[in-house]
$ cat work.csv   # CSV, N, CA, C and O atoms and all ligand atoms
chain,number,residue,atom,x,y,z
L,1,MET,N,-2.2,22.6,0.0
L,1,MET,CA,-2.9,21.6,-0.8
L,1,MET,C,-2.1,20.3,-0.9
L,1,MET,O,-0.9,20.3,-1.1
L,2,ILE,N,-2.8,19.3,-0.6
L,2,ILE,CA,-2.2,17.9,-0.6
L,2,ILE,C,-2.4,17.3,-1.9
L,2,ILE,O,-3.5,17.2,-2.5
L,3,ASP,N,-1.3,16.8,-2.4
L,3,ASP,CA,-1.3,16.1,-3.7
L,3,ASP,C,-2.0,14.7,-3.5
L,3,ASP,O,-1.6,13.9,-2.7
L,4,GLN,N,-3.0,14.5,-4.3
L,4,GLN,CA,-3.7,13.2,-4.3
L,4,GLN,C,-2.8,12.2,-5.0
L,4,GLN,O,-2.4,12.4,-6.1
L,5,PRO,N,-2.6,11.0,-4.4
L,5,PRO,CA,-1.8,10.0,-5.1
L,5,PRO,C,-2.6,9.5,-6.3
L,5,PRO,O,-3.8,9.3,-6.3
L,6,GLU,N,-1.8,9.4,-7.4
L,6,GLU,CA,-2.5,9.0,-8.7
L,6,GLU,C,-3.0,7.6,-8.5
L,6,GLU,O,-2.3,6.7,-8.0
L,7,LYS,N,-4.2,7.4,-8.9
L,7,LYS,CA,-4.8,6.1,-8.8
L,7,LYS,C,-4.4,5.2,-9.9
L,7,LYS,O,-4.5,5.5,-11.1
L,8,ILE,N,-3.8,4.1,-9.5
L,8,ILE,CA,-3.3,3.1,-10.5
L,8,ILE,C,-4.4,2.0,-10.5
L,8,ILE,O,-4.7,1.4,-9.5
L,9,PRO,N,-4.9,1.7,-11.7
L,9,PRO,CA,-5.9,0.6,-11.8
L,9,PRO,C,-5.2,-0.7,-11.4
L,9,PRO,O,-4.0,-0.9,-11.6
L,10,GLN,N,-6.1,-1.5,-10.8
L,10,GLN,CA,-5.6,-2.9,-10.4
L,10,GLN,C,-5.0,-3.6,-11.6
L,10,GLN,O,-5.6,-3.8,-12.6
L,11,HIS,N,-3.7,-4.0,-11.4
L,11,HIS,CA,-3.1,-4.7,-12.5
L,11,HIS,C,-2.0,-5.6,-11.9
L,11,HIS,O,-1.5,-5.4,-10.8
L,12,ARG,N,-1.5,-6.5,-12.7
L,12,ARG,CA,-0.4,-7.4,-12.3
L,12,ARG,C,0.7,-7.3,-13.4
L,12,ARG,O,0.4,-6.8,-14.5
L,13,HIS,N,1.8,-7.8,-13.1
L,13,HIS,CA,2.9,-7.8,-14.1
L,13,HIS,C,3.1,-9.3,-14.5
L,13,HIS,O,3.3,-10.2,-13.6
L,14,CYS,N,3.2,-9.5,-15.7
L,14,CYS,CA,3.4,-10.9,-16.3
L,14,CYS,C,4.7,-11.4,-15.8
L,14,CYS,O,5.7,-10.7,-15.8
L,15,ARG,N,4.7,-12.6,-15.3
L,15,ARG,CA,6.0,-13.2,-14.8
L,15,ARG,C,6.9,-13.7,-15.9
L,15,ARG,O,8.0,-14.0,-15.6
L,16,ASN,N,6.4,-13.7,-17.1
L,16,ASN,CA,7.2,-14.1,-18.2
L,16,ASN,C,7.8,-12.9,-18.9
L,16,ASN,O,9.0,-12.8,-19.1
L,17,CYS,N,7.0,-11.9,-19.3
L,17,CYS,CA,7.5,-10.8,-20.1
L,17,CYS,C,7.5,-9.5,-19.3
L,17,CYS,O,8.0,-8.5,-19.8
L,18,GLY,N,6.9,-9.5,-18.1
L,18,GLY,CA,6.9,-8.3,-17.3
L,18,GLY,C,5.9,-7.2,-17.7
L,18,GLY,O,5.9,-6.1,-17.1
L,19,LYS,N,5.1,-7.5,-18.6
L,19,LYS,CA,4.1,-6.6,-19.1
L,19,LYS,C,2.9,-6.5,-18.1
L,19,LYS,O,2.6,-7.5,-17.5
L,20,ALA,N,2.4,-5.2,-17.9
L,20,ALA,CA,1.3,-5.1,-17.0
L,20,ALA,C,0.0,-5.5,-17.7
L,20,ALA,O,-0.2,-5.3,-18.8
L,21,PHE,N,-0.8,-6.2,-16.9
L,21,PHE,CA,-2.1,-6.6,-17.5
L,21,PHE,C,-3.1,-6.7,-16.4
L,21,PHE,O,-2.8,-6.8,-15.2
L,22,ALA,N,-4.4,-6.6,-16.8
L,22,ALA,CA,-5.5,-6.7,-15.8
L,22,ALA,C,-6.0,-8.1,-15.9
L,22,ALA,O,-6.1,-8.7,-16.9
L,23,GLY,N,-6.4,-8.6,-14.7
L,23,GLY,CA,-6.9,-9.9,-14.7
L,23,GLY,C,-6.3,-10.8,-13.6
L,23,GLY,O,-5.4,-10.4,-12.9
L,24,ASP,N,-6.6,-12.1,-13.7
L,24,ASP,CA,-6.1,-13.0,-12.7
L,24,ASP,C,-4.9,-13.8,-13.3
L,24,ASP,O,-4.6,-13.7,-14.5
L,25,GLY,N,-4.2,-14.5,-12.4
L,25,GLY,CA,-3.1,-15.3,-12.8
L,25,GLY,C,-1.8,-14.5,-12.8
L,25,GLY,O,-1.7,-13.4,-12.3
L,26,GLN,N,-0.7,-15.2,-13.2
L,26,GLN,CA,0.6,-14.6,-13.1
L,26,GLN,C,1.2,-14.2,-14.5
L,26,GLN,O,2.2,-13.7,-14.6
L,27,PHE,N,0.4,-14.5,-15.5
L,27,PHE,CA,0.9,-14.2,-16.9
L,27,PHE,C,-0.2,-13.4,-17.6
L,27,PHE,O,-1.4,-13.5,-17.4
L,28,CYS,N,0.3,-12.7,-18.7
L,28,CYS,CA,-0.6,-11.8,-19.4
L,28,CYS,C,-1.5,-12.6,-20.3
L,28,CYS,O,-2.5,-12.1,-20.8
L,29,GLY,N,-1.1,-13.8,-20.7
L,29,GLY,CA,-1.9,-14.5,-21.6
L,29,GLY,C,-1.4,-16.0,-21.7
L,29,GLY,O,-0.4,-16.4,-21.0
L,30,GLU,N,-2.2,-16.8,-22.4
L,30,GLU,CA,-1.9,-18.2,-22.5
L,30,GLU,C,-0.5,-18.4,-23.1
L,30,GLU,O,0.2,-19.4,-22.7
L,31,GLU,N,-0.1,-17.6,-24.0
L,31,GLU,CA,1.2,-17.7,-24.7
L,31,GLU,C,2.3,-17.6,-23.7
L,31,GLU,O,3.2,-18.5,-23.7
L,32,CYS,N,2.2,-16.6,-22.9
L,32,CYS,CA,3.3,-16.4,-21.9
L,32,CYS,C,3.3,-17.5,-20.9
L,32,CYS,O,4.3,-18.0,-20.4
L,33,LYS,N,2.1,-18.0,-20.5
L,33,LYS,CA,2.0,-19.1,-19.6
L,33,LYS,C,2.6,-20.3,-20.1
L,33,LYS,O,3.4,-21.0,-19.4
L,34,GLY,N,2.4,-20.6,-21.4
L,34,GLY,CA,3.0,-21.8,-22.0
L,34,GLY,C,4.5,-21.7,-22.1
L,34,GLY,O,5.2,-22.6,-21.8
L,35,SER,N,5.0,-20.5,-22.6
L,35,SER,CA,6.4,-20.4,-22.9
L,35,SER,C,7.1,-20.3,-21.5
L,35,SER,O,8.3,-20.8,-21.4
L,36,ALA,N,6.5,-19.7,-20.5
L,36,ALA,CA,7.2,-19.7,-19.2
L,36,ALA,C,7.3,-21.1,-18.7
L,36,ALA,O,8.3,-21.5,-18.1
L,37,GLY,N,6.3,-21.9,-18.9
L,37,GLY,CA,6.4,-23.3,-18.5
L,37,GLY,C,7.5,-24.1,-19.2
L,37,GLY,O,8.3,-24.8,-18.5
L,38,THR,N,7.6,-23.9,-20.5
L,38,THR,CA,8.6,-24.6,-21.2
L,38,THR,C,10.0,-24.1,-20.8
L,38,THR,O,11.0,-24.8,-20.8
L,39,ASP,N,10.1,-22.8,-20.6
L,39,ASP,CA,11.4,-22.2,-20.2
L,39,ASP,C,11.9,-22.8,-18.9
L,39,ASP,O,13.0,-23.2,-18.7
L,40,ALA,N,10.9,-23.0,-17.9
L,40,ALA,CA,11.2,-23.5,-16.6
L,40,ALA,C,11.7,-25.0,-16.8
L,40,ALA,O,12.6,-25.4,-16.2
L,41,LYS,N,11.0,-25.7,-17.7
L,41,LYS,CA,11.3,-27.1,-17.9
L,41,LYS,C,12.7,-27.2,-18.6
L,41,LYS,O,13.5,-28.1,-18.2
L,42,LYS,N,13.0,-26.3,-19.5
L,42,LYS,CA,14.3,-26.3,-20.1
L,42,LYS,C,15.4,-26.0,-19.1
L,42,LYS,O,16.5,-26.6,-19.2
L,43,LYS,N,15.1,-25.1,-18.2
L,43,LYS,CA,16.1,-24.7,-17.2
L,43,LYS,C,16.4,-26.0,-16.3
L,43,LYS,O,17.5,-26.3,-16.0
L,44,ILE,N,15.3,-26.7,-15.9
L,44,ILE,CA,15.5,-27.9,-15.1
L,44,ILE,C,16.3,-28.9,-15.8
L,44,ILE,O,17.2,-29.5,-15.2
L,45,ARG,N,16.0,-29.0,-17.1
L,45,ARG,CA,16.7,-30.0,-17.9
L,45,ARG,C,18.2,-29.7,-18.0
L,45,ARG,O,19.0,-30.5,-17.9
L,46,LYS,N,18.4,-28.4,-18.2
L,46,LYS,CA,19.8,-27.9,-18.3
L,46,LYS,C,20.6,-28.2,-17.0
L,46,LYS,O,21.7,-28.7,-17.0
L,47,LEU,N,19.9,-27.9,-15.9
L,47,LEU,CA,20.5,-28.1,-14.6
L,47,LEU,C,20.7,-29.6,-14.3
L,47,LEU,O,21.8,-30.0,-13.8
L,48,PHE,N,19.8,-30.4,-14.8
L,48,PHE,CA,19.9,-31.8,-14.6
L,48,PHE,C,21.1,-32.4,-15.4
L,48,PHE,O,21.9,-33.1,-14.8
L,49,PHE,N,21.3,-31.9,-16.6
L,49,PHE,CA,22.4,-32.4,-17.4
L,49,PHE,C,23.7,-31.8,-16.9
L,49,PHE,O,24.7,-32.5,-16.9
L,50,ALA,N,23.7,-30.6,-16.4
L,50,ALA,CA,24.9,-30.0,-15.8
L,50,ALA,C,25.3,-30.8,-14.6
L,50,ALA,O,26.5,-31.1,-14.4
L,51,TRP,N,24.3,-31.2,-13.8
L,51,TRP,CA,24.6,-32.0,-12.6
L,51,TRP,C,25.1,-33.4,-13.0
L,51,TRP,O,26.1,-33.9,-12.4
L,52,ILE,N,24.6,-34.0,-14.0
L,52,ILE,CA,25.0,-35.3,-14.5
L,52,ILE,C,26.5,-35.2,-14.9
L,52,ILE,O,27.3,-36.1,-14.6
L,53,LEU,N,26.8,-34.1,-15.6
L,53,LEU,CA,28.1,-33.9,-16.2
L,53,LEU,C,29.1,-33.8,-15.0
L,53,LEU,O,30.2,-34.4,-15.0
L,54,ILE,N,28.7,-33.0,-14.0
L,54,ILE,CA,29.6,-32.8,-12.9
L,54,ILE,C,29.9,-34.1,-12.1
L,54,ILE,O,31.0,-34.4,-11.8
L,55,VAL,N,28.8,-34.8,-11.9
L,55,VAL,CA,28.9,-36.1,-11.2
L,55,VAL,C,29.8,-37.1,-12.1
L,55,VAL,O,30.6,-37.8,-11.5
L,56,GLY,N,29.5,-37.1,-13.4
L,56,GLY,CA,30.2,-38.0,-14.3
L,56,GLY,C,31.7,-37.7,-14.3
L,56,GLY,O,32.5,-38.6,-14.2
L,57,VAL,N,32.0,-36.4,-14.4
L,57,VAL,CA,33.5,-36.0,-14.4
L,57,VAL,C,34.1,-36.3,-13.1
L,57,VAL,O,35.2,-36.9,-13.0
L,58,THR,N,33.4,-36.1,-12.0
L,58,THR,CA,33.9,-36.4,-10.6
L,58,THR,C,34.2,-37.9,-10.5
L,58,THR,O,35.3,-38.3,-10.0
L,59,VAL,N,33.2,-38.7,-10.9
L,59,VAL,CA,33.4,-40.1,-10.8
L,59,VAL,C,34.6,-40.6,-11.7
L,59,VAL,O,35.4,-41.4,-11.3
L,60,ALA,N,34.7,-40.0,-12.9
L,60,ALA,CA,35.7,-40.4,-13.8
L,60,ALA,C,37.1,-40.0,-13.2
L,60,ALA,O,38.0,-40.8,-13.3
L,61,VAL,N,37.2,-38.9,-12.7
L,61,VAL,CA,38.5,-38.4,-12.1
L,61,VAL,C,38.9,-39.3,-10.9
L,61,VAL,O,40.0,-39.7,-10.8
L,62,VAL,N,37.9,-39.6,-10.1
L,62,VAL,CA,38.1,-40.5,-8.9
L,62,VAL,C,38.5,-41.9,-9.4
L,62,VAL,O,39.5,-42.5,-8.9
L,63,ALA,N,37.8,-42.4,-10.4
L,63,ALA,CA,38.1,-43.7,-10.9
L,63,ALA,C,39.5,-43.8,-11.5
L,63,ALA,O,40.3,-44.7,-11.2
L,64,VAL,N,39.9,-42.8,-12.3
L,64,VAL,CA,41.2,-42.7,-12.9
L,64,VAL,C,42.3,-42.6,-11.7
L,64,VAL,O,43.3,-43.2,-11.8
L,65,TYR,N,42.0,-41.8,-10.7
L,65,TYR,CA,42.9,-41.6,-9.6
L,65,TYR,C,43.2,-43.0,-8.9
L,65,TYR,O,44.4,-43.3,-8.6
L,66,TYR,N,42.1,-43.7,-8.7
L,66,TYR,CA,42.3,-45.0,-8.0
L,66,TYR,C,42.9,-46.1,-8.9
L,66,TYR,O,43.7,-46.9,-8.4
L,67,LEU,N,42.6,-46.0,-10.2
L,67,LEU,CA,43.1,-47.0,-11.1
L,67,LEU,C,44.6,-46.8,-11.4
L,67,LEU,O,45.3,-47.7,-11.7
L,68,ALA,N,45.0,-45.5,-11.3
L,68,ALA,CA,46.4,-45.2,-11.7
L,68,ALA,C,47.3,-45.5,-10.6
L,68,ALA,O,48.6,-45.5,-10.8
L,69,ARG,N,46.8,-45.8,-9.4
L,69,ARG,CA,47.7,-46.1,-8.3
L,69,ARG,C,48.4,-47.5,-8.4
L,69,ARG,O,47.8,-48.4,-8.9
X,101,ZN,ZN,3.5,-11.9,-20.9

$ encode --input "work.csv" --output "structure tokens" --more "lines below"
Ligand SMILES: [Zn+2]
Amino acid sequence: MIDQPEKIPQHRHCRNCGKAFAGDGQFCGEECKGSAGTDAKKKIRKLFFAWILIVGVTVAVVAVYYLAR
């Protein structure tokens, strides 16, 4: 006797909370869609400020190095 593979209903996993849901899109609801968007924006902002900080420190170190000579 061959085991029949269990049929899993068509579903997706929310990209924000990982919850399984039926329907279209990448998120289980508007709430996750919205918070995922803001999270991504926050991440970009954090990266942007980290980059500015690194560049600023590098420029400051180089400036001090040349000015100190
Ligand atoms: Zn979700």

$ select_by_dssp --input "work.csv" --residues "region 12-69 of chain L" --states "helix (DSSP H, G or I)" --output "ChimeraX atom specification"
/L:30-67

$ residues_near_ligand --input "work.csv" --ligand "ligand ZN 101 (chain X)" --cutoff "7 Å" --atoms "only N, CA, C and O atoms and all ligand atoms" --output "list in words"
His13, Cys14, Arg15, Asn16, Cys17, Gly18, Lys19, Gln26, Phe27, Cys28, Gly29, Glu31, Cys32 and Lys33 of chain L

$ select_by_dssp --input "work.csv" --residues "chain L" --states "strand (DSSP E or B)" --output "PyMOL selection string"
chain L and resi 12-13+20-21

$ atom_distance --input "work.csv" --atom1 "atom O of Ala60 (chain L)" --atom2 "atom O of Lys42 (chain L)"
26.4 Å

$ atom_distance --input "work.csv" --atom1 "atom C of Asp24 (chain L)" --atom2 "atom O of Pro9 (chain L)"
13.0 Å

$ axis_aligned_box --input "work.csv" --around "region 25-31 of chain L" --padding-each-side "4 Å" --output "AutoDock Vina command-line options"
--center_x -0.5 --center_y -15.6 --center_z -18.5 --size_x 15.4 --size_y 15.6 --size_z 20.4

$ atom_distance --input "work.csv" --atom1 "atom C of Glu6 (chain L)" --atom2 "atom O of Gly25 (chain L)"
21.4 Å
